[in-house]
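Below is one structure; the comments refer to it alone.
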Protein chains: 2
Amino acid sequence: MAFDLPALDVAVANDAAAAFDAKTKPPGSLGRLEETACRIAAVRGSLPPARLRAAAIVVAADHGVAVEGVSAYPQEVTRQMVANFVGGGAAAAVLARRAGIPLIVVDAGLVEPLDDEAVLTFGASASANIAVQSAMTLEQAELLVDEGRALAARLASDGFELLALGEMGIANTTVASVLSAALLDEPPATVCGRGTGIDDHTLRRKINTVERALARHGASREPLSLLASLGGGEIAFLAGLMIGAAENRLACVIDGVVVGAAALVASALAPGLPDWLLAAHRSPEPAHELILRRLGLVPMLDLGMRLGEASGALVALAVIDAATALLAEMATFESAGVSGGG
Amino acid sequence: MAFDLPALDVAVANDAAAAFDAKTKPPGSLGRLEETACRIAAVRGSLPPARLRAAAIVVAADHGVAVEGVSAYPQEVTRQMVANFVGGGAAAAVLARRAGIPLIVVDAGLVEPLDDEAVLTFGASASANIAVQSAMTLEQAELLVDEGRALAARLASDGFELLALGEMGIANTTVASVLSAALLDEPPATVCGRGTGIDDHTLRRKINTVERALARHGASREPLSLLASLGGGEIAFLAGLMIGAAENRLACVIDGVVVGAAALVASALAPGLPDWLLAAHRSPEPAHELILRRLGLVPMLDLGMRLGEASGALVALAVIDAATALLAEMATFESAGVSGGG
C-alpha cells in the first residue's frame with residue numbers, strides 16, 4: 001500500500017504571497033497568517049475564498065491495550081464520549097457548533113457501537129491488545145485507510161474545502177506512543193506522556209506496555225504492517241483521511257499527538273504528505289513536539305491543550321479563517337489610496 | 001493622577017475553575033482556555049456567558065517624531081489608514097466584520113482629522129517631536145486618559161463586555177520604544193525593532209532618536225509626565241481605556257508592542273492593572289516580550305504578527321470565544337453520563 005500525491009501548486013502559493021504584498025500593511029506583517037493562506041492556496045491549486053467550507057471529524061475507536069491499565073479512565077468512556085459528541089455536550093461539539101460547521105463522528109472500532117444514525121460506522125471491530133498481539137489484520141488496516149480516503153473524497157464532492165481532524169479512544173495515547181517510538185526511533189520513556197492525566201505508577205506501566213508492544217512487533221517499519229500490528233482503528237482511518245484530503249486537494253488541519261502519530265504513518269504511506277497538512281497546535285504530550293519536528297510542521301497554537309477530540313484543530317480554524325478572510329477581503333494600497341506600497 | 005482599581009473576584013474565578021473540572025474532559029486539559037475564562041470571570045465578578053459582547057477599538061494618532069525619518073512609511077499613511085478602517089479594507093476592519101463586532105475608530109490626534117462621522121474624535125492635536133520637545137502638555141495627557149476612561153465607561157453602559165484594543169500611528173513604535181526604555185530601564189538598542197520594516201540605516205536613526213528623547217526627558221519616571229513628555233495621543237487614550245475597562249469590570253485584550261507600552265504607563269498610573277488584562281499575542285518587536293514579562297502576561301498567540309491595528313487582538317478574540325463557549329456549554333460528567341469525573 002503506497003500512494004502518490006498530486007503536486008502542490010507553488011505558482012498559486014506565489015500568487016497568494018504577491019496578493020498579500022499588495023495589501024494595506026507592511027510586507028510580511030501578518031506573519032503566520034500569510035504563510036497559512038499561501039499553503040492553503042498551494043493545496044487547493046487556487047486562491048482560497050474568504051471562508052473555506054469546513055467540517056470537523058472525530059474518529060473514535062477502542063483499544064484492547066486499555067486492559068493494561070494505561071489510562072485514567074475506563075474503556076466505556078470512549079463510547080460515552082461518542083454519545084456526548086452526538087449529543088452536543090463534548091468540547092468538540094461546542095466548538096464546532098460555535099464555528100457553524102458540522103461535527104462528523106466516525107466509529108472506526110468501538111467495543112460496542114452506539115445505536116445512533118448520526119455516527120458513521122465503518123464495520124471495524126475494536127483493536128486487540130497490542131502488548132500481546134496485533135491490533136488488527138493487514139486487511140483490516142488497509143480497509144480502514146481506504147474508508148478514510150473514501151470519506152475525504154465524498155466530503156470533497158459534497159463541497160467541503162477544509163477538514164479538521166481529531167480522535168477519541170481510551171488508551172490511544174499509548175498507541176500513539178508506540179507508533180511514535182517506532183517511527184521516530186525514540187525510546188518509550190521519551191515518547192510516553194501523561195495522556196488524560198495518569199499518575200507516576202500508571203506512567204511506568206504505560207512505558208512498560210509500549211516496550212512490550214515494540215518488542216513483540218520486531219524490526220519492521222513497513223507502514224501498513226505497523227498500522228495493523230501497533231495501530232488502532234482511528235489511527236488507520238485518520239491516516240486515510242489525510243491521504244484522501246491531499247488526493248482531493250482539501251486543506252487539512254490536524255489536532256494533537258494521536259492525530260500526529262497517524263500523520264507519521266500516513267507520511268510513510270504517502271511521501272510528501274506533511275506539506276499538505278496544517279498543524280493546529282502543540283500539545284504538552286512529549287511525543288507531539290517530536291512528531292511535529294519530524295513532519296516539518298510548525299503548529300499555529302500553543303495553548304497547553306491536551307484533550308484531543310479535534311479541540312485544538314477547531315480553535316485553529318479561527319486562525320485559518322482570519323488568514324483566508326484577510327487574503328480575500330483586505331484592500332490594496334492602490335484600491336484604498338494608501339501611500340507606500342510601491 | 002492615580003487610580004484605585006476594584007478587587008478581582010477570586011471566588012468567582014474559583015467557581016469557574018470548579019465548573020471546568022466538572023466538564024467532560026480530563027482536569028486542566030483545555031490548558032490556556034481554562035485560565036482565560038477564569039481570568040475573565042475574576043474581572044467580571046460573574047461567570048461569563050457563552051459569548052461576550054465585544055468591540056474592537058483602534059486608536060489613531062500622528063507623531064511629530066515622524067519627521068526624524070524613523071518609519072518606512074510617510075506620515076500621511078496614518079490618516080489614509082483611518083479612512084481604510086472606516087472603509088472596511090484594513091486588516092482590523094476585515095477581522096472585526098468577520099467576528100461580527102463593531103470596529104470603533106478613534107482619532108486621538110491626527111495632523112489632519114478625517115471628515116467622517118464614523119470616527120470618534122477627541123479634540124487632540126498631533127503630538128510634537130519628542131526628540132526635541134514634549135509630545136503634549138500634562139493637561140492634554142490627563143484629558144486623553146480621562147477621555148479613554150470615559151469611552152470605556154460608555155461602552156460598558158452600552159452592554160459591551162470585552163474590548164480588543166489596537167492602534168495606528170506612523171512612527172509610534174518609536175514612541176513605544178522610548179516609553180519601554182524608560183519604564184523597563186533598558187537601553188534604546190534593546191527595545192528598538194524594525195516596526196513597519198525599516199532598514200539598518202533607519203534603525204540606527206530610530207535608536208538615536210530614542211536616545212535623544214530620553215536624554216531630553218531626564219530622570220523622572222512619574223507616569224503622567226512620561227505620557228506628556230514622551231508619549232503620543234493614542235498611547236494616552238489607550239492607557240485610559242485600559243483603566244476604564246478595569247474600573248467598569250470589562251474584559252480587555254491588548255494587541256502588540258504599542259498597546260503594550262500604553263499598558264506599562266497605565267500600570268504605573270493604576271497599580272494592579274496587568275491582572276485585569278489579557279495579552280493577545282507576542283509580536284516580533286523586541287520590546288514586546290520585555291513588556292509582557294514586566295506586566296506578567298503570557299500571550300495567547302505567537303503568530304509572528306506585527307501589524308498592530310488590533311489585528312492580533314482580533315485573532316485572539318476567537319480563543320476567548322472558544323474559552324467562554326466551553327465554560328458555558330460543555331456537558332458535565334454527570335449530565336452526559338460519562339464515567340470517571342468523581
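Just remember, in the C-alpha cells the first chain shown is A, the second B, etc., residues are 1-based per chain, and ligands are 1-based in the order shown.
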Could I get the residues of chain A with an atom no further than 8 Å from an atom of chain B, each paired with its nearest atom pair and that distance in Å to one decimal, using only C-alpha atoms, sorted by chain and residue number, as a tab-separated table?
residue	atom	partner	partner_atom	distance
A:Thr24	CA	B:Ala90	CA	6.5
A:Lys25	CA	B:Leu307	CA	6.7
A:Pro26	CA	B:Thr196	CA	5.5
A:Pro27	CA	B:Gly197	CA	7.7
A:Ser29	CA	B:Arg306	CA	4.9
A:Leu30	CA	B:Met305	CA	4.7
A:Gly31	CA	B:Gly304	CA	4.4
A:Arg32	CA	B:Leu303	CA	5.1
A:Leu33	CA	B:Leu303	CA	7.2
A:Tyr73	CA	B:Gly340	CA	5.9
A:Pro74	CA	B:Ser339	CA	7.3
A:Glu76	CA	B:Ser339	CA	7.6
A:Val77	CA	B:Ser339	CA	6.1
A:Gln80	CA	B:Val338	CA	5.5
A:Met81	CA	B:Val338	CA	6.9
A:Asn84	CA	B:Ala336	CA	6.3
A:Gly88	CA	B:Met330	CA	8.0
A:Gly89	CA	B:Ala331	CA	4.4
A:Ala90	CA	B:Met330	CA	5.7
A:Ala91	CA	B:Met330	CA	5.9
A:Val94	CA	B:Leu326	CA	6.4
A:Leu95	CA	B:Ala322	CA	6.5
A:Arg98	CA	B:Ala325	CA	7.6
A:Thr196	CA	B:Pro26	CA	5.5
A:Gly197	CA	B:Pro26	CA	6.8
A:Met300	CA	B:Leu303	CA	6.9
A:Leu301	CA	B:Leu301	CA	6.4
A:Asp302	CA	B:Leu301	CA	7.3
A:Leu303	CA	B:Arg32	CA	5.1
A:Gly304	CA	B:Gly31	CA	4.4
A:Met305	CA	B:Leu30	CA	4.7
A:Arg306	CA	B:Ser29	CA	4.9
A:Leu307	CA	B:Ser29	CA	5.1
A:Val315	CA	B:Val319	CA	6.6
A:Ala318	CA	B:Ala318	CA	6.1
A:Val319	CA	B:Val315	CA	6.6
A:Ala322	CA	B:Leu95	CA	6.5
A:Ala325	CA	B:Val94	CA	6.9
A:Leu326	CA	B:Ala91	CA	6.3
A:Glu329	CA	B:Val94	CA	6.5
A:Met330	CA	B:Gly89	CA	4.8
A:Ala331	CA	B:Gly89	CA	4.4
A:Thr332	CA	B:Gly89	CA	7.9
A:Ala336	CA	B:Asn84	CA	6.3
A:Gly337	CA	B:Gln80	CA	7.1
A:Val338	CA	B:Gln80	CA	5.5
A:Ser339	CA	B:Val77	CA	6.1
A:Gly340	CA	B:Tyr73	CA	5.9
- request: Enumerate, as a PyMOL selection string, the complete set of residues in segment 277-311 of chain A that a backbone-based DSSP assignment places in strand (DSSP E or B).
  value: chain A and resi 277-279+281+301
message: At a cut-off of 9 Å, using only C-alpha atoms, what residues contact Leu297 of chain A? Leave out same-chain residues fewer than 5 positions from it and give the result as a list in words.
response: Pro274, Asp275, Leu277, Leu278, Ala279, Ile291 and Leu292 of chain A
Write out the residues from the selection above, keeping N, CA, C and O atoms, as a PDB file, in the first residue's frame.
ATOM      1  N   PRO A 274       3.315  15.559   4.559  1.00  0.00           N
ATOM      2  CA  PRO A 274       3.339  16.667   5.531  1.00  0.00           C
ATOM      3  C   PRO A 274       3.135  18.042   4.910  1.00  0.00           C
ATOM      4  O   PRO A 274       2.533  18.914   5.529  1.00  0.00           O
ATOM      5  N   ASP A 275       3.621  18.225   3.677  1.00  0.00           N
ATOM      6  CA  ASP A 275       3.456  19.535   3.040  1.00  0.00           C
ATOM      7  C   ASP A 275       1.991  19.876   2.767  1.00  0.00           C
ATOM      8  O   ASP A 275       1.668  21.028   2.456  1.00  0.00           O
ATOM      9  N   LEU A 277      -0.385  19.312   5.014  1.00  0.00           N
ATOM     10  CA  LEU A 277      -1.083  19.409   6.302  1.00  0.00           C
ATOM     11  C   LEU A 277      -0.789  20.731   6.996  1.00  0.00           C
ATOM     12  O   LEU A 277       0.283  21.329   6.819  1.00  0.00           O
ATOM     13  N   LEU A 278      -1.721  21.161   7.823  1.00  0.00           N
ATOM     14  CA  LEU A 278      -1.520  22.277   8.744  1.00  0.00           C
ATOM     15  C   LEU A 278      -1.582  21.711  10.156  1.00  0.00           C
ATOM     16  O   LEU A 278      -2.493  20.947  10.484  1.00  0.00           O
ATOM     17  N   ALA A 279      -0.614  22.074  10.988  1.00  0.00           N
ATOM     18  CA  ALA A 279      -0.620  21.612  12.379  1.00  0.00           C
ATOM     19  C   ALA A 279      -1.320  22.652  13.239  1.00  0.00           C
ATOM     20  O   ALA A 279      -0.923  23.815  13.271  1.00  0.00           O
ATOM     21  N   ILE A 291       7.049  14.583  16.924  1.00  0.00           N
ATOM     22  CA  ILE A 291       6.306  14.266  15.698  1.00  0.00           C
ATOM     23  C   ILE A 291       6.260  15.479  14.772  1.00  0.00           C
ATOM     24  O   ILE A 291       6.535  15.388  13.567  1.00  0.00           O
ATOM     25  N   LEU A 292       5.918  16.621  15.342  1.00  0.00           N
ATOM     26  CA  LEU A 292       5.816  17.840  14.522  1.00  0.00           C
ATOM     27  C   LEU A 292       7.157  18.167  13.870  1.00  0.00           C
ATOM     28  O   LEU A 292       7.216  18.550  12.697  1.00  0.00           O
TER      29      LEU A 292
END
- request: Name all residues at most 6 Å from segment 41-48 of chain B (count only C-alpha atoms; drop same-chain ones fewer than 3 positions away) and give them as a list in words.
  value: Leu8, Asp9, Val10, Val12, Ala13, Cys38 and Arg249 of chain B
message: To test your reading of the structure, identify every residue in segment 285-327 of chain B that backbone DSSP assigns to helix (DSSP H, G or I), and report it as a ChimeraX atom specification.
response: /B:286-295,311-327
With N, CA, C and O atoms retained, export the selected residues as an mmCIF file, in the first residue's frame.
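Writing the result to again-v4.cif gives the following:
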data_model
loop_
_atom_site.group_PDB
_atom_site.id
_atom_site.type_symbol
_atom_site.label_atom_id
_atom_site.label_comp_id
_atom_site.auth_asym_id
_atom_site.auth_seq_id
_atom_site.Cartn_x
_atom_site.Cartn_y
_atom_site.Cartn_z
ATOM 1 N N PRO B 286 11.168 43.635 19.518
ATOM 2 C CA PRO B 286 11.911 43.161 20.697
ATOM 3 C C PRO B 286 11.383 43.689 22.025
ATOM 4 O O PRO B 286 11.464 43.005 23.044
ATOM 5 N N ALA B 287 10.818 44.903 22.018
ATOM 6 C CA ALA B 287 10.323 45.449 23.293
ATOM 7 C C ALA B 287 9.114 44.680 23.806
ATOM 8 O O ALA B 287 8.838 44.680 25.006
ATOM 9 N N HIS B 288 8.400 44.009 22.894
ATOM 10 C CA HIS B 288 7.120 43.446 23.321
ATOM 11 C C HIS B 288 7.291 42.345 24.356
ATOM 12 O O HIS B 288 6.587 42.304 25.366
ATOM 13 N N GLU B 289 8.233 41.440 24.105
ATOM 14 C CA GLU B 289 8.469 40.362 25.059
ATOM 15 C C GLU B 289 8.868 40.922 26.427
ATOM 16 O O GLU B 289 8.426 40.436 27.473
ATOM 17 N N LEU B 290 9.691 41.973 26.409
ATOM 18 C CA LEU B 290 10.121 42.584 27.674
ATOM 19 C C LEU B 290 8.943 43.232 28.406
ATOM 20 O O LEU B 290 8.825 43.144 29.628
ATOM 21 N N ILE B 291 8.072 43.863 27.638
ATOM 22 C CA ILE B 291 6.882 44.485 28.233
ATOM 23 C C ILE B 291 5.974 43.417 28.840
ATOM 24 O O ILE B 291 5.510 43.541 29.982
ATOM 25 N N LEU B 292 5.733 42.356 28.081
ATOM 26 C CA LEU B 292 4.839 41.301 28.572
ATOM 27 C C LEU B 292 5.395 40.682 29.854
ATOM 28 O O LEU B 292 4.658 40.394 30.795
ATOM 29 N N ARG B 293 6.713 40.501 29.874
ATOM 30 C CA ARG B 293 7.322 39.905 31.056
ATOM 31 C C ARG B 293 7.140 40.822 32.265
ATOM 32 O O ARG B 293 6.790 40.374 33.349
ATOM 33 N N ARG B 294 7.371 42.126 32.054
ATOM 34 C CA ARG B 294 7.201 43.065 33.158
ATOM 35 C C ARG B 294 5.747 43.085 33.641
ATOM 36 O O ARG B 294 5.474 43.161 34.834
ATOM 37 N N LEU B 295 4.820 42.992 32.695
ATOM 38 C CA LEU B 295 3.397 43.005 33.073
ATOM 39 C C LEU B 295 2.963 41.665 33.664
ATOM 40 O O LEU B 295 1.877 41.561 34.227
ATOM 41 N N SER B 311 -5.039 43.879 15.172
ATOM 42 C CA SER B 311 -5.183 42.650 14.371
ATOM 43 C C SER B 311 -4.898 41.400 15.203
ATOM 44 O O SER B 311 -5.617 40.399 15.093
ATOM 45 N N GLY B 312 -3.878 41.440 16.046
ATOM 46 C CA GLY B 312 -3.609 40.288 16.909
ATOM 47 C C GLY B 312 -4.705 40.100 17.947
ATOM 48 O O GLY B 312 -5.120 38.969 18.230
ATOM 49 N N ALA B 313 -5.185 41.195 18.494
ATOM 50 C CA ALA B 313 -6.264 41.102 19.489
ATOM 51 C C ALA B 313 -7.522 40.520 18.864
ATOM 52 O O ALA B 313 -8.250 39.754 19.497
ATOM 53 N N LEU B 314 -7.770 40.870 17.611
ATOM 54 C CA LEU B 314 -8.966 40.343 16.943
ATOM 55 C C LEU B 314 -8.846 38.842 16.686
ATOM 56 O O LEU B 314 -9.837 38.118 16.780
ATOM 57 N N VAL B 315 -7.654 38.359 16.371
ATOM 58 C CA VAL B 315 -7.490 36.908 16.213
ATOM 59 C C VAL B 315 -7.646 36.225 17.577
ATOM 60 O O VAL B 315 -8.282 35.177 17.691
ATOM 61 N N ALA B 316 -7.106 36.860 18.620
ATOM 62 C CA ALA B 316 -7.208 36.272 19.960
ATOM 63 C C ALA B 316 -8.647 36.224 20.467
ATOM 64 O O ALA B 316 -8.974 35.391 21.316
ATOM 65 N N LEU B 317 -9.506 37.084 19.947
ATOM 66 C CA LEU B 317 -10.917 37.025 20.355
ATOM 67 C C LEU B 317 -11.499 35.643 20.109
ATOM 68 O O LEU B 317 -12.366 35.186 20.860
ATOM 69 N N ALA B 318 -11.026 34.976 19.076
ATOM 70 C CA ALA B 318 -11.544 33.641 18.775
ATOM 71 C C ALA B 318 -11.163 32.645 19.873
ATOM 72 O O ALA B 318 -11.922 31.726 20.185
ATOM 73 N N VAL B 319 -9.973 32.835 20.451
ATOM 74 C CA VAL B 319 -9.556 31.962 21.558
ATOM 75 C C VAL B 319 -10.416 32.244 22.791
ATOM 76 O O VAL B 319 -10.876 31.328 23.477
ATOM 77 N N ILE B 320 -10.659 33.517 23.049
ATOM 78 C CA ILE B 320 -11.512 33.897 24.183
ATOM 79 C C ILE B 320 -12.923 33.358 23.977
ATOM 80 O O ILE B 320 -13.550 32.836 24.897
ATOM 81 N N ASP B 321 -13.388 33.475 22.751
ATOM 82 C CA ASP B 321 -14.728 33.000 22.430
ATOM 83 C C ASP B 321 -14.836 31.487 22.644
ATOM 84 O O ASP B 321 -15.838 30.990 23.189
ATOM 85 N N ALA B 322 -13.804 30.754 22.257
ATOM 86 C CA ALA B 322 -13.793 29.301 22.497
ATOM 87 C C ALA B 322 -13.823 29.026 23.993
ATOM 88 O O ALA B 322 -14.566 28.150 24.470
ATOM 89 N N ALA B 323 -13.050 29.788 24.753
ATOM 90 C CA ALA B 323 -12.956 29.554 26.201
ATOM 91 C C ALA B 323 -14.302 29.771 26.884
ATOM 92 O O ALA B 323 -14.741 28.939 27.698
ATOM 93 N N THR B 324 -14.964 30.865 26.550
ATOM 94 C CA THR B 324 -16.243 31.146 27.219
ATOM 95 C C THR B 324 -17.336 30.188 26.748
ATOM 96 O O THR B 324 -18.176 29.768 27.550
ATOM 97 N N ALA B 325 -17.301 29.814 25.470
ATOM 98 C CA ALA B 325 -18.296 28.858 24.975
ATOM 99 C C ALA B 325 -18.146 27.517 25.682
ATOM 100 O O ALA B 325 -19.136 26.880 26.072
ATOM 101 N N LEU B 326 -16.905 27.070 25.857
ATOM 102 C CA LEU B 326 -16.682 25.778 26.509
ATOM 103 C C LEU B 326 -17.146 25.823 27.965
ATOM 104 O O LEU B 326 -17.793 24.890 28.450
ATOM 105 N N LEU B 327 -16.839 26.906 28.656
ATOM 106 C CA LEU B 327 -17.267 27.018 30.055
ATOM 107 C C LEU B 327 -18.792 27.020 30.155
ATOM 108 O O LEU B 327 -19.377 26.380 31.024
#
message: Using Å and a single decimal, report how far atom CA of Thr121 of chain B sits from atom CA of Val70 of chain B.
response: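 Computing the Euclidean distance for atom CA of Val70 of chain B and atom CA of Thr121 of chain B yields 26.0 Å.
If you look at atom CA of Leu165 of chain B and atom CA of His281 of chain B, they are 12.1 Å away from each other.
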field: Residue nearest Ala228 of chain A among A:Ala176, A:Ala152, A:Ala128, A:Leu120 (counting only C-alpha atoms)
entry: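 Closest to Ala228 of chain A, using only C-alpha atoms: A:Ala128.
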query: Residues at most 12 Å from Gly218 of chain B, counting only C-alpha atoms, excluding those fewer than 6 positions away in the same chain, as number ranges by chain?
result: B: 133-134, 182, 211-212, 225-226, 229-230
Just write the chosen residues, N, CA and C atoms, as a PDB file, in the first residue's frame.
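Okay, this is what ended up in again-v3.pdb:
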ATOM      1  N   GLN B 133      11.109  68.110  21.993  1.00  0.00           N
ATOM      2  CA  GLN B 133      10.230  68.778  22.964  1.00  0.00           C
ATOM      3  C   GLN B 133       9.184  67.776  23.458  1.00  0.00           C
ATOM      4  N   SER B 134       8.411  68.187  24.449  1.00  0.00           N
ATOM      5  CA  SER B 134       7.364  67.310  24.980  1.00  0.00           C
ATOM      6  C   SER B 134       6.309  67.029  23.914  1.00  0.00           C
ATOM      7  N   ALA B 182      12.287  53.753  29.031  1.00  0.00           N
ATOM      8  CA  ALA B 182      12.190  54.495  30.295  1.00  0.00           C
ATOM      9  C   ALA B 182      11.615  53.624  31.409  1.00  0.00           C
ATOM     10  N   GLU B 211      17.359  57.746  21.949  1.00  0.00           N
ATOM     11  CA  GLU B 211      18.376  58.241  22.895  1.00  0.00           C
ATOM     12  C   GLU B 211      18.198  59.731  23.162  1.00  0.00           C
ATOM     13  N   ARG B 212      17.948  60.473  22.106  1.00  0.00           N
ATOM     14  CA  ARG B 212      17.776  61.924  22.259  1.00  0.00           C
ATOM     15  C   ARG B 212      16.536  62.243  23.090  1.00  0.00           C
ATOM     16  N   SER B 225       3.857  62.446  33.603  1.00  0.00           N
ATOM     17  CA  SER B 225       4.866  63.285  32.947  1.00  0.00           C
ATOM     18  C   SER B 225       5.546  62.506  31.819  1.00  0.00           C
ATOM     19  N   LEU B 226       5.708  61.221  32.001  1.00  0.00           N
ATOM     20  CA  LEU B 226       6.228  60.396  30.892  1.00  0.00           C
ATOM     21  C   LEU B 226       5.289  60.441  29.698  1.00  0.00           C
ATOM     22  N   SER B 229       5.499  63.917  28.094  1.00  0.00           N
ATOM     23  CA  SER B 229       6.802  64.250  27.528  1.00  0.00           C
ATOM     24  C   SER B 229       7.187  63.307  26.392  1.00  0.00           C
ATOM     25  N   LEU B 230       6.923  62.015  26.580  1.00  0.00           N
ATOM     26  CA  LEU B 230       7.444  61.005  25.648  1.00  0.00           C
ATOM     27  C   LEU B 230       6.350  60.190  24.971  1.00  0.00           C
TER      28      LEU B 230
END
message: Show me, as a PyMOL selection string, the residues that have an atom within 7 Å of Leu103 of chain A when counting only C-alpha atoms, minus same-chain residues fewer than 2 positions from it.
response: chain A and resi 55-57+93+96+101+105
message: I need the residue nearest Asp199 of chain A from this list: A:Ser71, A:Gly64, A:Leu179, A:Ala213. Use only C-alpha atoms for the distance.
response: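 Among A:Ser71, A:Gly64, A:Leu179, A:Ala213, it is A:Ser71 that comes nearest to Asp199 of chain A.
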